[in-house]
>>> print(open('protein_7.tsv').read())   # TSV, C-alpha atoms
chain	number	residue	atom	x	y	z
A	1	MET	CA	-17.40	-3.40	-7.39
A	2	LYS	CA	-14.29	-2.88	-9.48
A	3	GLN	CA	-12.44	-5.01	-12.00
A	4	PHE	CA	-8.77	-5.90	-11.67
A	5	ALA	CA	-6.24	-8.01	-13.54
A	6	VAL	CA	-3.46	-9.58	-11.46
A	7	ILE	CA	-0.58	-10.92	-13.51
A	8	GLY	CA	1.93	-13.27	-11.91
A	9	LEU	CA	0.70	-15.56	-9.14
A	10	GLY	CA	3.62	-15.92	-6.80
A	11	ASN	CA	2.92	-15.25	-3.12
A	12	PHE	CA	2.39	-11.51	-3.62
A	13	GLY	CA	0.11	-11.91	-6.64
A	14	TYR	CA	-1.85	-14.76	-5.07
A	15	TYR	CA	-2.63	-12.89	-1.85
A	16	LEU	CA	-3.41	-9.69	-3.73
A	17	ALA	CA	-5.83	-11.40	-6.13
A	18	THR	CA	-7.63	-13.49	-3.51
A	19	HIS	CA	-7.95	-10.57	-1.09
A	20	LEU	CA	-9.42	-8.30	-3.76
A	21	TYR	CA	-11.85	-11.06	-4.70
A	22	GLY	CA	-12.76	-11.50	-1.04
A	23	LYS	CA	-13.61	-7.80	-0.92
A	24	GLY	CA	-16.19	-8.35	-3.63
A	25	HIS	CA	-14.28	-7.24	-6.73
A	26	ASP	CA	-14.01	-8.97	-10.10
A	27	VAL	CA	-10.50	-10.36	-10.41
A	28	LEU	CA	-8.85	-11.84	-13.49
A	29	ALA	CA	-5.77	-13.86	-12.48
A	30	ILE	CA	-3.15	-14.54	-15.17
A	31	ASP	CA	-0.08	-16.77	-15.12
A	32	LYS	CA	1.63	-19.07	-17.57
A	33	ASP	CA	2.03	-21.74	-14.87
A	34	ARG	CA	-0.98	-24.04	-15.07
A	35	ASN	CA	-0.44	-25.29	-11.50
A	36	LEU	CA	-0.71	-21.76	-10.10
A	37	ILE	CA	-3.90	-21.19	-12.07
A	38	GLN	CA	-5.37	-24.42	-10.70
A	39	LYS	CA	-4.51	-23.28	-7.17
A	40	ILE	CA	-6.28	-19.93	-7.49
A	41	LYS	CA	-9.16	-20.66	-9.88
A	42	ASP	CA	-11.76	-21.14	-7.14
A	43	HIS	CA	-10.73	-17.95	-5.34
A	44	VAL	CA	-11.02	-15.36	-8.14
A	45	THR	CA	-13.57	-14.47	-10.80
A	46	GLN	CA	-11.55	-15.89	-13.67
A	47	ALA	CA	-8.14	-17.55	-13.89
A	48	VAL	CA	-6.36	-17.84	-17.23
A	49	VAL	CA	-3.25	-19.71	-18.29
A	50	ALA	CA	-1.53	-17.18	-20.54
A	51	ASP	CA	1.82	-15.69	-21.44
A	52	ALA	CA	1.52	-12.04	-20.44
A	53	THR	CA	4.26	-11.10	-22.89
A	54	ASP	CA	2.02	-12.13	-25.81
A	55	SER	CA	0.30	-8.92	-26.92
A	56	LYS	CA	-2.44	-10.69	-28.89
A	57	VAL	CA	-3.44	-12.81	-25.91
A	58	MET	CA	-3.43	-9.84	-23.56
A	59	ASP	CA	-5.50	-7.76	-25.96
A	60	SER	CA	-8.11	-10.53	-26.11
A	61	LEU	CA	-8.67	-10.41	-22.33
A	62	SER	CA	-10.30	-6.94	-22.41
A	63	ILE	CA	-7.94	-5.55	-19.80
A	64	HIS	CA	-8.60	-2.06	-21.18
A	65	GLU	CA	-12.08	-2.26	-19.65
A	66	MET	CA	-10.76	-2.94	-16.14
A	67	ASP	CA	-10.02	-0.41	-13.42
A	68	ALA	CA	-6.40	-1.46	-13.02
A	69	ALA	CA	-3.85	-4.15	-13.82
A	70	VAL	CA	-1.13	-5.22	-11.41
A	71	VAL	CA	2.08	-6.81	-12.65
A	72	CYS	CA	3.29	-9.10	-9.85
A	73	ILE	CA	5.96	-10.94	-11.83
A	74	GLY	CA	8.96	-11.52	-9.60
A	75	THR	CA	12.50	-12.30	-10.67
A	76	ASP	CA	11.98	-12.43	-14.45
A	77	LEU	CA	12.75	-8.76	-15.07
A	78	SER	CA	12.39	-9.04	-18.84
A	79	ALA	CA	8.88	-10.51	-18.54
A	80	SER	CA	7.96	-7.88	-15.96
A	81	ILE	CA	9.03	-5.00	-18.17
A	82	HIS	CA	7.59	-6.51	-21.35
A	83	THR	CA	4.23	-7.19	-19.67
A	84	THR	CA	4.03	-3.63	-18.35
A	85	LEU	CA	4.71	-2.25	-21.82
A	86	ILE	CA	2.07	-4.50	-23.39
A	87	LEU	CA	-0.53	-3.46	-20.80
A	88	LYS	CA	-0.09	0.15	-21.84
A	89	ASP	CA	-0.23	-0.84	-25.51
A	90	VAL	CA	-3.57	-2.65	-25.03
A	91	GLY	CA	-5.03	0.38	-23.26
A	92	ALA	CA	-4.93	-0.56	-19.57
A	93	ARG	CA	-6.34	2.37	-17.60
A	94	ARG	CA	-3.91	2.11	-14.71
A	95	VAL	CA	-0.88	-0.13	-14.29
A	96	TYR	CA	0.75	-1.07	-11.00
A	97	ALA	CA	4.00	-3.02	-11.19
A	98	LYS	CA	6.09	-4.84	-8.60
A	99	ALA	CA	9.79	-3.97	-8.71
A	100	ILE	CA	12.77	-5.84	-7.30
A	101	THR	CA	15.31	-3.01	-7.44
A	102	GLU	CA	15.26	0.77	-7.82
A	103	ASP	CA	16.62	0.46	-11.38
A	104	HIS	CA	13.89	-2.05	-12.21
A	105	GLY	CA	11.33	0.38	-10.84
A	106	ARG	CA	12.64	3.26	-12.95
A	107	ILE	CA	12.41	1.15	-16.09
A	108	LEU	CA	8.86	0.07	-15.25
A	109	ARG	CA	7.83	3.68	-14.80
A	110	LYS	CA	9.40	4.65	-18.13
A	111	VAL	CA	7.48	1.94	-20.00
A	112	GLY	CA	4.16	2.99	-18.53
A	113	ALA	CA	3.55	1.89	-14.93
A	114	GLN	CA	1.90	4.66	-12.92
A	115	GLU	CA	2.60	3.03	-9.55
A	116	ILE	CA	5.71	1.08	-8.57
A	117	LEU	CA	5.48	-1.41	-5.71
A	118	PHE	CA	8.42	-2.47	-3.53
A	119	PRO	CA	6.69	-4.96	-1.18
A	120	GLU	CA	9.84	-6.45	0.35
A	121	LYS	CA	11.50	-3.06	0.80
A	122	ASP	CA	8.38	-1.47	2.31
A	123	LEU	CA	7.84	-4.40	4.69
A	124	ALA	CA	11.49	-4.34	5.77
A	125	ILE	CA	11.41	-0.58	6.40
A	126	SER	CA	8.16	-0.89	8.33
A	127	LEU	CA	9.63	-3.61	10.56
A	128	ALA	CA	12.87	-1.67	11.03
A	129	GLU	CA	10.90	1.40	12.11
A	130	ARG	CA	8.91	-0.64	14.65
A	131	LEU	CA	12.06	-2.31	16.01
A	132	HIS	CA	13.78	1.09	16.20
A	133	ASN	CA	10.89	2.56	18.18
A	134	PRO	CA	8.69	0.08	20.10
A	135	ASN	CA	6.15	2.87	20.70
A	136	LEU	CA	5.59	3.13	16.96
A	137	LEU	CA	2.62	0.89	16.19
A	138	ASP	CA	2.68	1.10	12.41
A	139	TYR	CA	4.51	2.86	9.59
A	140	LEU	CA	3.46	3.50	6.01
A	141	PRO	CA	5.63	5.28	3.41
A	142	PHE	CA	3.67	8.14	1.79
A	143	PHE	CA	5.01	10.67	-0.74
A	144	GLU	CA	8.75	11.23	-0.93
A	145	GLY	CA	9.89	12.54	2.44
A	146	TYR	CA	6.47	12.02	4.10
A	147	SER	CA	4.95	9.13	6.03
A	148	ILE	CA	1.82	8.06	7.85
A	149	ILE	CA	2.46	6.54	11.27
A	150	GLU	CA	0.50	5.28	14.25
A	151	LEU	CA	1.87	6.58	17.54
A	152	ARG	CA	0.68	6.45	21.10
A	153	PRO	CA	0.57	9.94	22.62
A	154	GLU	CA	3.29	10.81	25.09
A	155	GLU	CA	2.29	11.26	28.72
A	156	SER	CA	2.22	15.07	28.49
A	157	PHE	CA	-0.41	14.82	25.70
A	158	ILE	CA	-2.90	12.85	27.78
A	159	ASP	CA	-6.11	14.69	28.76
A	160	LYS	CA	-5.30	17.60	26.45
A	161	GLU	CA	-7.27	18.80	23.44
A	162	LEU	CA	-5.65	18.51	20.02
A	163	LYS	CA	-6.00	22.26	19.46
A	164	ASP	CA	-3.90	22.91	22.56
A	165	LEU	CA	-1.16	20.55	21.37
A	166	ASP	CA	-1.05	22.48	18.06
A	167	LEU	CA	0.98	19.76	16.32
A	168	ILE	CA	0.41	21.24	12.87
A	169	ASN	CA	2.13	24.50	13.76
A	170	LYS	CA	4.76	23.10	16.12
A	171	TYR	CA	5.82	20.12	14.00
A	172	GLY	CA	4.05	20.42	10.64
A	173	VAL	CA	2.26	17.16	11.49
A	174	GLN	CA	-1.46	16.53	11.00
A	175	VAL	CA	-3.56	14.18	13.14
A	176	ILE	CA	-5.70	12.51	10.47
A	177	ALA	CA	-7.39	9.97	12.76
A	178	ILE	CA	-7.60	8.67	16.31
A	179	LYS	CA	-7.92	4.95	16.97
A	180	LYS	CA	-8.89	3.27	20.22
A	181	ALA	CA	-6.18	0.73	21.07
A	182	VAL	CA	-8.56	-1.85	22.54
A	183	SER	CA	-11.76	-1.58	20.52
A	184	GLY	CA	-10.13	-0.47	17.27
A	185	LYS	CA	-12.79	2.23	16.79
A	186	VAL	CA	-11.49	4.98	14.51
A	187	THR	CA	-12.41	8.66	14.49
A	188	MET	CA	-11.41	10.13	11.13
A	189	ILE	CA	-10.21	13.74	10.99
A	190	PRO	CA	-10.83	14.51	14.68
A	191	THR	CA	-11.71	18.08	15.65
A	192	GLY	CA	-9.46	20.28	17.75
A	193	ARG	CA	-11.77	19.58	20.71
A	194	HIS	CA	-10.81	15.91	20.82
A	195	VAL	CA	-9.24	15.08	24.20
A	196	LEU	CA	-6.50	12.47	24.05
A	197	LYS	CA	-6.85	9.50	26.40
A	198	ASN	CA	-4.52	6.71	27.48
A	199	ASP	CA	-6.07	4.23	25.05
A	200	ASP	CA	-5.88	6.58	22.07
A	201	VAL	CA	-3.53	5.97	19.15
A	202	MET	CA	-2.76	8.97	16.96
A	203	ILE	CA	-2.55	8.41	13.21
A	204	LEU	CA	-0.24	11.13	11.95
A	205	LEU	CA	0.72	12.44	8.51
A	206	GLY	CA	3.76	14.63	8.07
A	207	PRO	CA	7.40	15.06	7.03
A	208	ASN	CA	9.69	12.26	8.18
A	209	ASP	CA	11.95	14.65	10.13
A	210	SER	CA	9.00	16.02	12.09
A	211	LEU	CA	7.62	12.58	12.80
A	212	ASP	CA	11.03	11.54	14.06
A	213	LEU	CA	11.02	14.44	16.52
A	214	LEU	CA	7.68	13.29	17.92
A	215	ARG	CA	8.91	9.70	18.21
A	216	GLN	CA	12.01	10.81	20.06
A	217	LYS	CA	9.85	12.50	22.66
A	218	LYS	CA	8.54	9.09	23.69
>>> encode(input="protein_7.tsv", output="structure tokens")
Amino acid sequence: MKQFAVIGLGNFGYYLATHLYGKGHDVLAIDKDRNLIQKIKDHVTQAVVADATDSKVMDSLSIHEMDAAVVCIGTDLSASIHTTLILKDVGARRVYAKAITEDHGRILRKVGAQEILFPEKDLAISLAERLHNPNLLDYLPFFEGYSIIELRPEESFIDKELKDLDLINKYGVQVIAIKKAVSGKVTMIPTGRHVLKNDDVMILLGPNDSLDLLRQKK
């Protein structure tokens, strides 16, 4: 069980906090809107009405003892940036911060956020990728220039062993898991002896250009 602080209880912050709590973690939810605190108080460990830009208040909440703090403040850029700065000042171990624009994200990183979140951008890109290629089951941005995708194997891959396909040498793409489309059963890091079947879904990690080549083969 881990401890998290979620600051800002709009839709993103609410679902993040309640889902983490549902997974069995301790979650401290913070917002200056009393109505939002009332809404979430029965679905997290602790819910506090507080101004996250008040350094004394934030210091009193022992956030430095938690595994991570997530700044989910939306359109109030000043409050978002100020809160991120204060979290670092009070000794937060790891700070995640939601950004609205690229410039906002750069500022958040400069004031101490280790991870920048672009939920609307990432969701839009994921949907665009799936609309662009109906055979693409899922898309997740990874490091710059790399992605993780779910892709059904093309017909020529069926009934062949992964070692014979040699995707790592041909495309620079690694099969990190195989998922059964119907049952959802996942085989992590399959061996080269794994034989692809019609109901297999490949979970691939690799450079975006290489992944695009594989998708175009569909």
>>> closest_residue(input="protein_7.tsv", among="A:Ile203, A:Thr53, A:Arg106, A:Ala99", to="Glu120 in chain A", atoms="only C-alpha atoms")
A:Ala99
>>> atom_distance(input="protein_7.tsv", atom1="CA of His104 in chain A", atom2="CA of Ser80 in chain A")
9.1 Å
>>> closest_residue(input="protein_7.tsv", among="A:Lys110, A:Ile148, A:Asp33, A:Ser156", to="Ser126 in chain A", atoms="all atoms listed in the file")
A:Ile148
>>> residues_around(input="protein_7.tsv", residues="Ala17 in chain A", least_positions_apart="2", cutoff="10 Å", atoms="all atoms listed in the file", output="list of chain:residue names")
A:Phe4, A:Ala5, A:Val6, A:Ile7, A:Gly8, A:Leu9, A:Phe12, A:Gly13, A:Tyr14, A:Tyr15, A:His19, A:Leu20, A:Tyr21, A:Gly22, A:His25, A:Asp26, A:Val27, A:Leu28, A:Ala29, A:Ile30, A:Ile40, A:His43, A:Val44, A:Thr45, A:Val70
>>> write_last_selection(input="protein_7.tsv", atoms="C-alpha atoms", output="PDB file, keeping the file's coordinate frame")
ATOM      1  CA  PHE A   4      -8.770  -5.900 -11.670  1.00  0.00           C
ATOM      2  CA  ALA A   5      -6.240  -8.010 -13.540  1.00  0.00           C
ATOM      3  CA  VAL A   6      -3.460  -9.580 -11.460  1.00  0.00           C
ATOM      4  CA  ILE A   7      -0.580 -10.920 -13.510  1.00  0.00           C
ATOM      5  CA  GLY A   8       1.930 -13.270 -11.910  1.00  0.00           C
ATOM      6  CA  LEU A   9       0.700 -15.560  -9.140  1.00  0.00           C
ATOM      7  CA  PHE A  12       2.390 -11.510  -3.620  1.00  0.00           C
ATOM      8  CA  GLY A  13       0.110 -11.910  -6.640  1.00  0.00           C
ATOM      9  CA  TYR A  14      -1.850 -14.760  -5.070  1.00  0.00           C
ATOM     10  CA  TYR A  15      -2.630 -12.890  -1.850  1.00  0.00           C
ATOM     11  CA  HIS A  19      -7.950 -10.570  -1.090  1.00  0.00           C
ATOM     12  CA  LEU A  20      -9.420  -8.300  -3.760  1.00  0.00           C
ATOM     13  CA  TYR A  21     -11.850 -11.060  -4.700  1.00  0.00           C
ATOM     14  CA  GLY A  22     -12.760 -11.500  -1.040  1.00  0.00           C
ATOM     15  CA  HIS A  25     -14.280  -7.240  -6.730  1.00  0.00           C
ATOM     16  CA  ASP A  26     -14.010  -8.970 -10.100  1.00  0.00           C
ATOM     17  CA  VAL A  27     -10.500 -10.360 -10.410  1.00  0.00           C
ATOM     18  CA  LEU A  28      -8.850 -11.840 -13.490  1.00  0.00           C
ATOM     19  CA  ALA A  29      -5.770 -13.860 -12.480  1.00  0.00           C
ATOM     20  CA  ILE A  30      -3.150 -14.540 -15.170  1.00  0.00           C
ATOM     21  CA  ILE A  40      -6.280 -19.930  -7.490  1.00  0.00           C
ATOM     22  CA  HIS A  43     -10.730 -17.950  -5.340  1.00  0.00           C
ATOM     23  CA  VAL A  44     -11.020 -15.360  -8.140  1.00  0.00           C
ATOM     24  CA  THR A  45     -13.570 -14.470 -10.800  1.00  0.00           C
ATOM     25  CA  VAL A  70      -1.130  -5.220 -11.410  1.00  0.00           C
TER      26      VAL A  70
END
>>> atom_distance(input="protein_7.tsv", atom1="CA of Val49 in chain A", atom2="CA of Ala113 in chain A")
22.9 Å
